[in-house]
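Peer 1: My structure file model_29.cif, mmCIF, C-alpha atoms, is below:
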```
data_run
loop_
_atom_site.label_atom_id
_atom_site.label_comp_id
_atom_site.auth_asym_id
_atom_site.auth_seq_id
_atom_site.Cartn_x
_atom_site.Cartn_y
_atom_site.Cartn_z
CA MET A 16 0.00 0.00 0.00
CA ALA A 17 2.77 2.41 0.96
CA LEU A 18 4.60 1.65 -2.30
CA CYS A 19 1.47 2.41 -4.32
CA VAL A 20 1.04 5.70 -2.54
CA VAL A 21 4.65 6.69 -3.21
CA MET A 22 4.36 5.78 -6.90
CA THR A 23 1.10 7.68 -7.26
CA PHE A 24 2.57 10.74 -5.56
CA ALA A 25 5.67 10.63 -7.74
CA GLN A 26 3.62 10.30 -10.91
CA ASP A 27 1.43 13.25 -9.99
CA ARG A 28 4.44 15.46 -9.25
CA ASN A 29 6.19 14.67 -12.54
CA PRO A 30 3.96 12.82 -15.05
CA ASN A 31 6.52 13.14 -17.85
CA ARG A 32 9.27 11.44 -15.88
CA PHE A 33 7.01 8.81 -14.35
CA PRO A 34 4.22 8.18 -16.91
CA LYS A 35 1.26 6.17 -15.72
CA PRO A 36 1.13 2.66 -17.18
CA ASP A 37 -1.48 2.04 -19.86
CA PHE A 38 -3.53 -0.96 -18.75
CA GLU A 39 -5.27 -2.98 -21.50
CA SER A 40 -7.87 -4.29 -19.08
CA GLY A 41 -9.81 -1.03 -19.01
CA TYR A 42 -8.63 -0.01 -15.55
CA GLU A 43 -9.36 3.62 -14.67
CA TYR A 44 -7.30 5.60 -12.17
CA PRO A 45 -9.16 6.91 -9.12
CA LEU A 46 -9.93 10.61 -8.95
CA HIS A 47 -8.63 11.04 -5.39
CA GLN A 48 -4.88 10.78 -4.87
CA TYR A 49 -3.09 10.51 -1.54
CA VAL A 50 0.00 12.44 -0.54
CA VAL A 51 2.92 10.70 1.15
CA PRO A 52 3.14 11.56 4.88
CA ALA A 53 5.78 14.14 5.73
CA GLU A 54 8.33 11.74 7.22
CA THR A 55 10.96 14.48 7.17
CA PHE A 56 8.80 16.51 9.54
CA LEU A 57 8.63 13.60 11.99
CA VAL A 58 12.39 13.13 11.85
CA TRP A 59 12.97 16.77 12.75
CA LEU A 60 10.30 16.50 15.43
CA ASP A 61 12.21 13.53 16.86
CA ILE A 62 15.42 15.55 17.05
CA VAL A 63 13.78 18.66 18.49
CA LEU A 64 11.89 16.64 21.10
CA LEU A 65 15.09 14.78 22.01
CA VAL A 66 16.88 18.07 22.70
CA VAL A 67 13.92 19.62 24.55
CA LEU A 68 13.39 16.63 26.83
CA MET A 69 17.07 16.33 27.71
CA SER A 70 17.23 20.05 28.40
CA PHE A 71 14.20 19.74 30.65
CA VAL A 72 15.83 16.88 32.57
CA ALA A 73 19.10 18.83 32.90
CA TRP A 74 17.18 21.83 34.26
CA ALA A 75 15.35 19.63 36.76
CA VAL A 76 18.32 17.70 38.17
CA ILE A 77 21.03 20.36 37.96
CA LYS A 78 19.20 23.62 38.54
CA ARG A 79 16.03 22.74 40.47
CA VAL A 80 17.05 19.48 42.19
CA VAL A 81 13.59 17.94 41.75
CA ARG A 82 12.35 14.59 40.48
CA TRP A 83 8.83 15.17 39.12
CA PRO A 84 10.05 16.31 35.65
CA ILE A 85 11.69 12.88 35.24
CA ILE A 86 8.28 11.23 35.58
CA VAL A 87 6.75 13.61 33.04
CA VAL A 88 9.60 13.09 30.57
CA SER A 89 9.42 9.30 31.01
CA ILE A 90 5.71 9.23 30.15
CA ILE A 91 6.23 11.44 27.09
CA SER A 92 9.19 9.35 25.92
CA ILE A 93 7.35 6.04 26.23
CA ALA A 94 4.31 7.44 24.43
CA TYR A 95 6.18 9.19 21.61
CA PHE A 96 9.56 7.51 21.07
CA GLY A 97 8.20 4.16 22.20
CA PHE A 98 4.69 3.47 20.96
CA PHE A 99 4.24 6.24 18.37
CA ARG A 100 7.68 6.06 16.72
CA LYS A 101 8.02 2.32 17.44
CA GLY A 102 11.41 2.73 19.11
CA CYS A 103 13.18 3.78 15.91
CA VAL A 104 15.41 5.73 15.42
CA CYS A 105 16.99 5.16 18.83
CA SER A 106 20.35 6.23 20.17
CA ILE A 107 21.21 2.68 21.25
CA GLY A 108 20.76 1.25 17.77
CA SER A 109 22.61 4.18 16.19
CA ILE A 110 25.85 2.62 17.43
CA SER A 111 25.65 0.14 14.56
CA ASN A 112 25.02 2.89 12.01
CA VAL A 113 28.06 4.84 13.18
CA ALA A 114 30.26 1.73 13.24
CA LEU A 115 29.22 0.75 9.70
CA ALA A 116 29.85 4.29 8.46
CA LEU A 117 33.38 4.12 9.92
CA GLY A 118 34.04 0.70 8.40
CA ASP A 119 32.39 1.13 4.99
CA SER A 120 33.01 4.33 3.02
CA SER A 121 30.17 3.48 0.63
CA TYR A 122 27.60 3.58 3.42
CA THR A 123 25.88 6.91 4.05
CA ILE A 124 24.68 7.12 7.62
CA PRO A 125 21.15 8.55 8.03
CA PHE A 126 21.28 12.09 9.35
CA ALA A 127 18.80 11.31 12.13
CA ALA A 128 20.80 8.29 13.30
CA LEU A 129 23.97 10.38 13.46
CA LEU A 130 22.29 13.11 15.52
CA PHE A 131 20.65 10.57 17.84
CA PHE A 132 24.11 9.16 18.49
CA ILE A 133 25.92 12.47 18.98
CA ILE A 134 23.41 14.68 20.83
CA PRO A 135 23.09 12.52 24.01
CA ILE A 136 26.90 12.31 24.14
CA LEU A 137 27.17 16.10 23.98
CA PHE A 138 24.61 16.41 26.77
CA SER A 139 26.50 13.84 28.85
CA ILE A 140 29.65 15.93 28.54
CA LEU A 141 27.69 18.92 29.81
CA PHE A 142 25.23 17.45 32.33
CA GLY A 143 25.87 13.72 32.75
CA ARG A 144 23.52 10.94 31.65
CA VAL A 145 20.37 13.03 31.34
CA PHE A 146 19.36 10.93 28.32
CA CYS A 147 19.16 7.85 30.51
CA ALA A 148 16.99 9.57 33.11
CA GLY A 149 13.77 9.24 31.15
CA VAL A 150 14.37 10.41 27.59
CA CYS A 151 15.37 6.92 26.51
CA PRO A 152 12.08 4.97 26.30
CA PHE A 153 13.79 1.78 27.45
CA GLY A 154 15.12 3.41 30.59
CA ALA A 155 11.84 5.26 31.15
CA LEU A 156 9.87 2.03 31.01
CA GLN A 157 12.04 0.46 33.70
CA GLU A 158 12.05 3.63 35.78
CA LEU A 159 8.27 3.94 36.05
CA ILE A 160 7.70 0.39 37.28
CA ASN A 161 10.56 0.21 39.79
CA VAL A 162 9.16 -0.02 43.33
CA LYS A 163 11.83 -1.97 45.24
CA ASN A 164 15.61 -2.11 45.08
CA TYR A 165 17.27 -5.33 46.14
CA ARG A 166 20.96 -4.55 46.13
CA LEU A 167 23.37 -6.89 44.34
CA SER A 168 26.83 -7.55 45.71
CA LYS A 169 29.68 -5.52 44.29
CA THR A 170 31.27 -8.62 42.77
CA VAL A 171 28.09 -9.65 40.97
CA SER A 172 27.46 -6.09 39.76
CA THR A 173 31.01 -5.78 38.47
CA VAL A 174 30.87 -9.07 36.56
CA LEU A 175 27.46 -8.29 35.06
CA GLY A 176 28.69 -4.79 34.25
CA LEU A 177 31.20 -6.29 31.80
CA ILE A 178 28.39 -7.67 29.60
CA PRO A 179 27.64 -4.29 27.95
CA TRP A 180 31.28 -4.02 26.92
CA VAL A 181 31.13 -7.45 25.27
CA TYR A 182 27.83 -6.53 23.65
CA LEU A 183 29.26 -3.24 22.36
CA THR A 184 32.32 -5.01 20.98
CA LEU A 185 30.26 -7.59 19.09
CA ALA A 186 27.88 -4.90 17.82
CA VAL A 187 30.80 -2.92 16.40
CA LEU A 188 32.40 -6.05 14.92
CA PHE A 189 29.22 -7.16 13.12
CA ALA A 190 28.41 -3.62 11.94
CA VAL A 191 31.89 -2.79 10.62
CA THR A 192 31.93 -6.05 8.64
CA ASN A 193 28.49 -5.18 7.22
CA SER A 194 27.01 -8.34 8.70
CA GLN A 195 24.14 -7.44 11.05
CA PHE A 196 22.85 -4.75 13.37
CA ILE A 197 22.54 -7.04 16.38
CA ILE A 198 21.44 -4.24 18.71
CA CYS A 199 18.32 -3.71 16.62
CA ARG A 200 17.78 -7.40 15.90
CA PHE A 201 17.93 -8.50 19.54
CA ASP A 202 16.21 -5.50 21.11
CA PRO A 203 14.12 -6.88 24.02
CA PHE A 204 11.64 -3.98 24.15
CA ILE A 205 11.02 -3.12 20.51
CA GLY A 206 8.43 -5.89 20.17
CA MET A 207 6.43 -4.39 23.03
CA PHE A 208 6.43 -0.94 21.45
CA ARG A 209 5.40 -2.41 18.09
CA LEU A 210 2.82 -4.69 19.72
CA GLY A 211 4.25 -7.74 18.02
CA GLY A 212 7.45 -9.41 16.91
CA ASP A 213 9.79 -12.18 17.96
CA VAL A 214 8.13 -14.02 20.84
CA PRO A 215 11.35 -15.08 22.68
CA LEU A 216 12.61 -11.48 22.63
CA ILE A 217 9.27 -10.17 23.90
CA LEU A 218 9.39 -12.73 26.71
CA PHE A 219 12.95 -11.69 27.51
CA GLY A 220 11.82 -8.07 27.64
CA GLY A 221 9.01 -9.09 29.96
CA VAL A 222 11.50 -10.80 32.27
CA LEU A 223 13.62 -7.63 32.33
CA LEU A 224 10.56 -5.56 33.24
CA VAL A 225 9.65 -7.94 36.06
CA MET A 226 13.22 -7.68 37.33
CA SER A 227 12.95 -3.89 37.07
CA ILE A 228 10.22 -3.95 39.69
CA PHE A 229 12.61 -5.33 42.28
CA THR A 230 16.01 -4.01 41.16
CA GLY A 231 16.91 -0.83 39.34
CA ARG A 232 17.13 -0.91 35.56
CA PRO A 233 18.73 -4.29 34.77
CA PHE A 234 18.80 -3.55 31.04
CA CYS A 235 20.49 -0.17 31.50
CA ARG A 236 23.06 -1.50 33.93
CA PHE A 237 23.92 -4.94 32.55
CA ILE A 238 23.02 -4.95 28.85
CA CYS A 239 22.78 -1.50 27.23
CA PRO A 240 25.93 -0.74 25.18
CA TYR A 241 25.08 2.94 24.76
CA GLY A 242 24.88 3.45 28.51
CA ILE A 243 28.57 2.68 28.97
CA VAL A 244 29.40 5.14 26.17
CA LEU A 245 27.47 7.88 27.95
CA GLY A 246 28.95 6.80 31.28
CA PHE A 247 32.44 7.23 29.89
CA PHE A 248 31.77 10.84 28.85
CA SER A 249 29.83 11.58 32.05
CA ARG A 250 33.04 11.20 34.01
CA VAL A 251 34.18 14.56 32.65
CA ALA A 252 30.78 16.31 32.71
CA ILE A 253 30.97 20.04 33.35
CA TRP A 254 27.82 20.16 35.48
CA ASN A 255 27.04 16.94 37.31
CA ILE A 256 24.08 16.05 39.49
CA LYS A 257 24.45 16.76 43.22
CA ILE A 258 22.34 15.05 45.86
CA THR A 259 22.02 18.22 47.90
CA ARG A 260 23.35 21.76 47.91
CA GLN A 261 23.76 21.53 51.65
CA GLY A 262 26.43 19.59 53.51
CA CYS A 263 26.21 15.78 53.59
CA ILE A 264 25.50 14.36 57.07
CA ASN A 265 26.26 10.73 56.17
CA CYS A 266 22.75 9.51 56.97
CA GLU A 267 23.01 6.81 54.23
CA LEU A 268 19.44 7.44 53.03
CA CYS A 269 20.55 8.45 49.54
CA HIS A 270 22.71 5.33 49.24
CA ASN A 271 19.81 3.08 50.12
CA SER A 272 17.46 4.85 47.71
CA CYS A 273 19.66 4.66 44.61
CA PRO A 274 18.24 2.00 42.25
CA VAL A 275 21.45 1.60 40.24
CA ASP A 276 23.93 1.60 43.15
CA ALA A 277 25.64 4.75 41.88
CA ILE A 278 26.22 6.39 45.28
CA ARG A 279 29.51 5.42 46.87
CA PRO A 280 29.75 5.23 50.65
CA PRO A 281 32.65 6.70 52.66
CA TYR A 282 35.59 4.38 53.17
CA GLU A 283 35.66 5.43 56.80
CA ASN A 284 32.64 3.13 57.24
CA LYS A 285 34.65 0.10 56.11
CA VAL A 286 37.50 -1.94 57.52
CA LYS A 287 40.70 -0.43 56.22
CA GLU A 288 43.16 -2.53 54.25
CA ASN A 289 46.92 -2.49 54.74
CA ARG A 290 48.29 0.07 52.26
CA ASN A 291 51.19 -2.14 51.12
CA VAL A 292 48.82 -4.99 50.28
CA GLY A 293 46.67 -2.68 48.16
CA VAL A 294 49.68 -1.24 46.33
CA GLN A 295 51.08 -4.70 45.57
CA ARG A 296 47.75 -5.88 44.18
CA LEU A 297 47.47 -2.75 42.04
CA LEU A 298 50.96 -3.31 40.60
CA VAL A 299 50.08 -6.91 39.73
CA TYR A 300 46.94 -5.76 37.92
CA ILE A 301 48.89 -3.14 35.97
CA LEU A 302 51.49 -5.71 34.93
CA ILE A 303 48.91 -8.24 33.72
CA ILE A 304 46.98 -5.74 31.56
CA PRO A 305 49.25 -6.40 28.52
CA LEU A 306 48.77 -10.13 29.08
CA MET A 307 44.99 -9.69 29.23
CA ALA A 308 45.08 -7.59 26.06
CA VAL A 309 47.05 -10.22 24.16
CA THR A 310 44.83 -13.00 25.49
CA GLY A 311 41.70 -11.12 24.47
CA GLY A 312 43.05 -10.47 20.99
CA ILE A 313 44.00 -14.10 20.43
CA ALA A 314 40.72 -15.43 21.84
CA LEU A 315 38.50 -13.24 19.70
CA ARG A 316 40.64 -13.90 16.63
CA LEU A 317 40.15 -17.65 17.12
CA LEU A 318 36.41 -17.03 17.33
CA SER A 319 36.37 -14.85 14.22
CA ASP A 320 35.49 -17.66 11.78
CA PRO A 321 32.43 -18.86 13.76
CA LEU A 322 31.40 -15.23 14.30
CA SER A 323 31.71 -14.55 10.57
CA ARG A 324 28.67 -16.77 10.00
CA MET A 325 26.61 -13.76 10.98
CA ASN A 326 27.46 -12.43 7.51
CA LYS A 327 24.94 -13.48 4.86
CA GLU A 328 27.62 -14.16 2.23
CA VAL A 329 29.42 -16.59 4.54
CA ARG A 330 26.18 -18.42 5.25
CA LEU A 331 25.35 -18.45 1.55
CA LEU A 332 28.66 -20.12 0.67
CA GLU A 333 27.96 -22.85 3.21
CA MET A 334 24.51 -23.39 1.69
CA VAL A 335 25.90 -23.49 -1.85
CA LEU A 336 28.66 -25.96 -0.98
CA GLU A 337 26.15 -28.17 0.83
CA ASN A 338 23.85 -28.06 -2.18
CA GLU A 339 26.75 -28.94 -4.48
CA ARG A 340 27.49 -32.00 -2.37
CA ASN A 341 23.86 -33.00 -1.84
CA PRO A 342 21.61 -31.39 -4.47
CA GLN A 343 18.23 -30.39 -3.10
CA GLU A 344 14.97 -30.78 -4.95
CA VAL A 345 13.51 -27.61 -3.47
CA LEU A 346 15.93 -24.70 -3.24
CA SER A 347 15.79 -22.00 -0.63
CA VAL A 348 15.22 -18.40 -1.66
CA GLU A 349 18.92 -17.63 -1.15
CA LEU A 350 20.03 -20.49 -3.39
CA GLU A 351 17.50 -19.61 -6.06
CA ALA A 352 18.79 -16.05 -6.13
CA PHE A 353 22.39 -17.29 -6.30
CA TYR A 354 21.75 -19.44 -9.36
CA GLU A 355 19.39 -16.98 -11.04
CA LEU A 356 22.06 -14.26 -10.87
CA GLU A 357 24.55 -16.74 -12.37
CA ARG A 358 27.04 -16.24 -9.57
CA THR A 359 29.92 -18.74 -9.39
CA VAL A 360 31.33 -20.65 -6.46
CA PRO A 361 34.93 -19.36 -6.96
CA GLU A 362 33.63 -15.78 -7.04
CA LEU A 363 31.63 -16.28 -3.83
CA THR A 364 34.56 -18.10 -2.19
CA ALA A 365 36.91 -15.19 -2.90
CA LYS A 366 34.42 -12.73 -1.46
CA VAL A 367 33.92 -14.82 1.69
CA THR A 368 37.69 -15.17 2.13
CA ALA A 369 38.02 -11.38 2.10
CA ILE A 370 35.18 -11.07 4.62
CA GLN A 371 36.76 -13.62 6.97
CA ASP A 372 40.14 -11.88 6.71
CA LYS A 373 38.46 -8.64 7.72
CA TYR A 374 36.76 -10.43 10.62
CA ARG A 375 40.09 -11.75 11.88
CA LEU A 376 41.71 -8.33 11.79
CA ILE A 377 38.87 -6.42 13.46
CA ALA A 378 38.20 -9.22 15.96
CA THR A 379 41.83 -9.06 17.05
CA TYR A 380 41.59 -5.33 17.73
CA CYS A 381 38.27 -5.77 19.53
CA GLY A 382 39.71 -8.57 21.68
CA ILE A 383 42.67 -6.41 22.65
CA ALA A 384 40.30 -3.59 23.62
CA LEU A 385 38.19 -5.97 25.73
CA GLY A 386 41.27 -7.29 27.50
CA ILE A 387 42.34 -3.75 28.39
CA ILE A 388 38.86 -2.91 29.62
CA PHE A 389 38.78 -6.01 31.84
CA GLY A 390 42.19 -5.04 33.20
CA PHE A 391 41.14 -1.51 34.09
CA THR A 392 37.99 -2.92 35.71
CA LEU A 393 40.22 -4.94 38.06
CA ILE A 394 42.23 -1.81 38.80
CA SER A 395 39.08 0.17 39.59
CA LEU A 396 38.17 -2.47 42.17
CA SER A 397 41.61 -2.20 43.74
CA VAL A 398 41.90 1.59 43.90
CA LYS A 399 40.30 3.05 47.03
CA ARG A 400 40.20 6.83 47.07
CA SER A 401 39.82 8.68 50.33
CA ARG A 402 36.15 9.54 50.71
CA LYS A 403 34.55 10.94 53.87
CA LEU A 404 31.05 11.60 52.48
CA TYR A 405 28.56 9.84 50.23
CA GLU A 406 29.32 10.70 46.61
CA ILE A 407 27.67 10.01 43.26
CA GLU A 408 29.59 7.85 40.80
CA ASP A 409 28.97 9.89 37.66
CA SER A 410 29.56 7.08 35.17
CA LYS A 411 26.81 4.95 36.77
CA CYS A 412 24.31 7.63 37.73
CA VAL A 413 21.30 7.72 35.39
CA ASN A 414 20.02 11.03 36.79
CA CYS A 415 16.76 9.50 37.99
CA ALA A 416 16.76 11.99 40.92
CA ARG A 417 15.30 9.48 43.40
CA CYS A 418 17.90 10.43 45.99
CA PHE A 419 16.67 14.05 46.15
CA SER A 420 13.55 13.29 48.16
CA TYR A 421 15.41 10.95 50.52
CA CYS A 422 18.05 13.46 51.52
CA PRO A 423 16.94 15.21 54.74
CA GLN A 424 19.08 18.19 53.83
CA ASN A 425 16.69 18.85 50.96
CA LYS A 426 13.76 18.71 53.38
CA GLY A 427 15.25 20.47 56.35
CA GLN A 428 14.92 17.31 58.48
CA VAL A 429 18.46 16.91 59.69
CA GLN A 430 17.48 16.04 63.24
CA VAL A 431 15.12 13.28 62.10
CA ALA A 432 17.84 11.70 60.00
CA LEU A 433 20.35 11.85 62.84
CA GLN A 434 17.91 10.14 65.19
CA SER A 435 17.27 7.46 62.58
CA ALA A 436 20.99 6.87 62.13
CA ASP A 437 21.51 6.62 65.90
CA SER A 438 18.68 4.11 66.25
CA GLN A 439 20.27 1.93 63.53
CA LEU A 440 23.59 1.98 65.33
CA LEU A 441 21.91 0.93 68.58
#
```
Would you write out, as structure tokens, the structure that this file holds?
Peer 2:
Amino acid sequence: MALCVVMTFAQDRNPNRFPKPDFESGYEYPLHQYVVPAETFLVWLDIVLLVVLMSFVAWAVIKRVVRWPIIVVSIISIAYFGFFRKGCVCSIGSISNVALALGDSSYTIPFAALLFFIIPILFSILFGRVFCAGVCPFGALQELINVKNYRLSKTVSTVLGLIPWVYLTLAVLFAVTNSQFIICRFDPFIGMFRLGGDVPLILFGGVLLVMSIFTGRPFCRFICPYGIVLGFFSRVAIWNIKITRQGCINCELCHNSCPVDAIRPPYENKVKENRNVGVQRLLVYILIIPLMAVTGGIALRLLSDPLSRMNKEVRLLEMVLENERNPQEVLSVELEAFYELERTVPELTAKVTAIQDKYRLIATYCGIALGIIFGFTLISLSVKRSRKLYEIEDSKCVNCARCFSYCPQNKGQVQVALQSADSQLL
């Protein structure tokens, strides 16, 4: 239907260039013609709304120190970017577009995808992860249903926190080699926004939402590859979120309220470690980073051939060779197209060889990067900075602003908080 509308519109605009076909059956064209919807307008509306919503969040958490705008933005984001725009274009999926554009000079990245990738990064440099607060429909969906926060251990959180890095690495690898956009293909929430799709993925999204009720944003923390990109730039944000403009009284209420465990407690509350032991462990970690980088590069290079099966040409060669060995009576669509186009096996083999060579090279670099990231993660666990007050870890904070209402300094209830802290100690 959409194709017919486009053809009709094009013919009406330029009948000499696109003449109407002359049917011999006596068909008569309808009098009423339909104009193609202004998709360009919606794209610009997407971009404008993205900027406006992030600006609104930044104003709320940086300037006003209030949470209610996050709820408003979350509802708007779910309604518009989620159900109305069907979750596309999204900043998370734009990672694949950018990676393909960097790896393939013949690919022209859509303007909207480029802006959706860049604009949240620019905002994170200025204000932290305001995009994650509620502008991202995936994060907004989890934010609105979260009612309880069961805290995971630091070890479990750290291990699960490595998954987004692996996911990001594979997404870049498959995009640069022009194989697949796995972020879009395996999106757990897109089926919900489109009210249909791959059943296993919808079920997986449902599981994530159920988990979101009891623990803060599992998708954002342990899956989302774009979140770690924004977290990286949020470390150097010019204006970061502050729990309170008053002095911290170490009541621990903000720490307990944070759904993503982004508020770090003072080290004075913990048993101190011998300094020499900590320094020795740190030196060991620094020395093994090159080893981890080399190991990661070799491991991913060895996996490059199996991973290359994500490329349609590699899979096609396997199907052709299998058909040559055991001819099939009924050919698949891919095989029919191969033979109809009169492609040859040597030609396809040469193309696949080039693809697999590219996989090996890029997989090696990606493996080295992963090894370095794992090494620095170990170092971050070893380094213990002197901290006397509760502080926000900017790379993890999603600017949800839940901690604002829990801080007694924001309510003028210092005495109540002190009494509560004393009762817990007793």
Peer 1: Please write the residues picked by the PyMOL selection byres ((chain A and resi 57-65) around 8) on this file as a VMD selection string.
Peer 2: chain A and resid 53 to 56 66 to 69 96 127 130 to 131 150
Peer 1: Looking at A:Gln424, A:Gln157, A:Gln195, A:Thr259, which one is nearest to A:Ile86, with distances taken over only C-alpha atoms?
Peer 2: A:Gln157
Peer 1: Could you list, as a list in words, every residue within 12 Å of A:Ala186, counting only C-alpha atoms and ignoring same-chain residues fewer than 6 positions away?
Peer 2: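 Skipping anything fewer than 6 positions along the chain leaves Ile107, Gly108, Ser109, Ile110, Ser111, Asn112, Val113, Ala114, Leu115, Pro179, Trp180, Thr192, Asn193, Ser194, Gln195, Phe196, Ile197, Ile198, Cys199, Arg200, Phe201, Cys239, Pro240, Tyr241, Leu322, Met325, Ile377, Ala378 and Cys381 of chain A.
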Peer 1: Grab all the atoms of stretch 175-191 of chain A that the file lists, wrap them in a box along x, y and z, add 5 Å per side, and give me centre plus edge lengths in Å (one decimal) as AutoDock Vina command-line options.
Peer 2:
```
--center_x 29.9 --center_y -5.5 --center_z 22.8 --size_x 14.9 --size_y 15.5 --size_z 34.4
```
Peer 1: Using atom CA of A:Tyr300 and atom CA of A:Leu385 as the two end points, give the distance in Å to one decimal.
Peer 2: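 That distance, rounded to one decimal, is 15.0 Å.
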Peer 1: Can you turn the PyMOL selection byres ((chain A and resi 388) around 10) into a concrete residue list for this file, as a PyMOL selection string?
Peer 2: chain A and resi 177+180-181+304+307-308+382-387+389-394
Peer 1: Mind dumping the selected residues with C-alpha atoms as a PDB file, in the coordinates of the input?
Peer 2:
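Full text of selection_27.pdb as output:
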```pdb
ATOM      1  CA  LEU A 177      31.200  -6.290  31.800  1.00  0.00           C
ATOM      2  CA  TRP A 180      31.280  -4.020  26.920  1.00  0.00           C
ATOM      3  CA  VAL A 181      31.130  -7.450  25.270  1.00  0.00           C
ATOM      4  CA  ILE A 304      46.980  -5.740  31.560  1.00  0.00           C
ATOM      5  CA  MET A 307      44.990  -9.690  29.230  1.00  0.00           C
ATOM      6  CA  ALA A 308      45.080  -7.590  26.060  1.00  0.00           C
ATOM      7  CA  GLY A 382      39.710  -8.570  21.680  1.00  0.00           C
ATOM      8  CA  ILE A 383      42.670  -6.410  22.650  1.00  0.00           C
ATOM      9  CA  ALA A 384      40.300  -3.590  23.620  1.00  0.00           C
ATOM     10  CA  LEU A 385      38.190  -5.970  25.730  1.00  0.00           C
ATOM     11  CA  GLY A 386      41.270  -7.290  27.500  1.00  0.00           C
ATOM     12  CA  ILE A 387      42.340  -3.750  28.390  1.00  0.00           C
ATOM     13  CA  PHE A 389      38.780  -6.010  31.840  1.00  0.00           C
ATOM     14  CA  GLY A 390      42.190  -5.040  33.200  1.00  0.00           C
ATOM     15  CA  PHE A 391      41.140  -1.510  34.090  1.00  0.00           C
ATOM     16  CA  THR A 392      37.990  -2.920  35.710  1.00  0.00           C
ATOM     17  CA  LEU A 393      40.220  -4.940  38.060  1.00  0.00           C
ATOM     18  CA  ILE A 394      42.230  -1.810  38.800  1.00  0.00           C
TER      19      ILE A 394
END
```
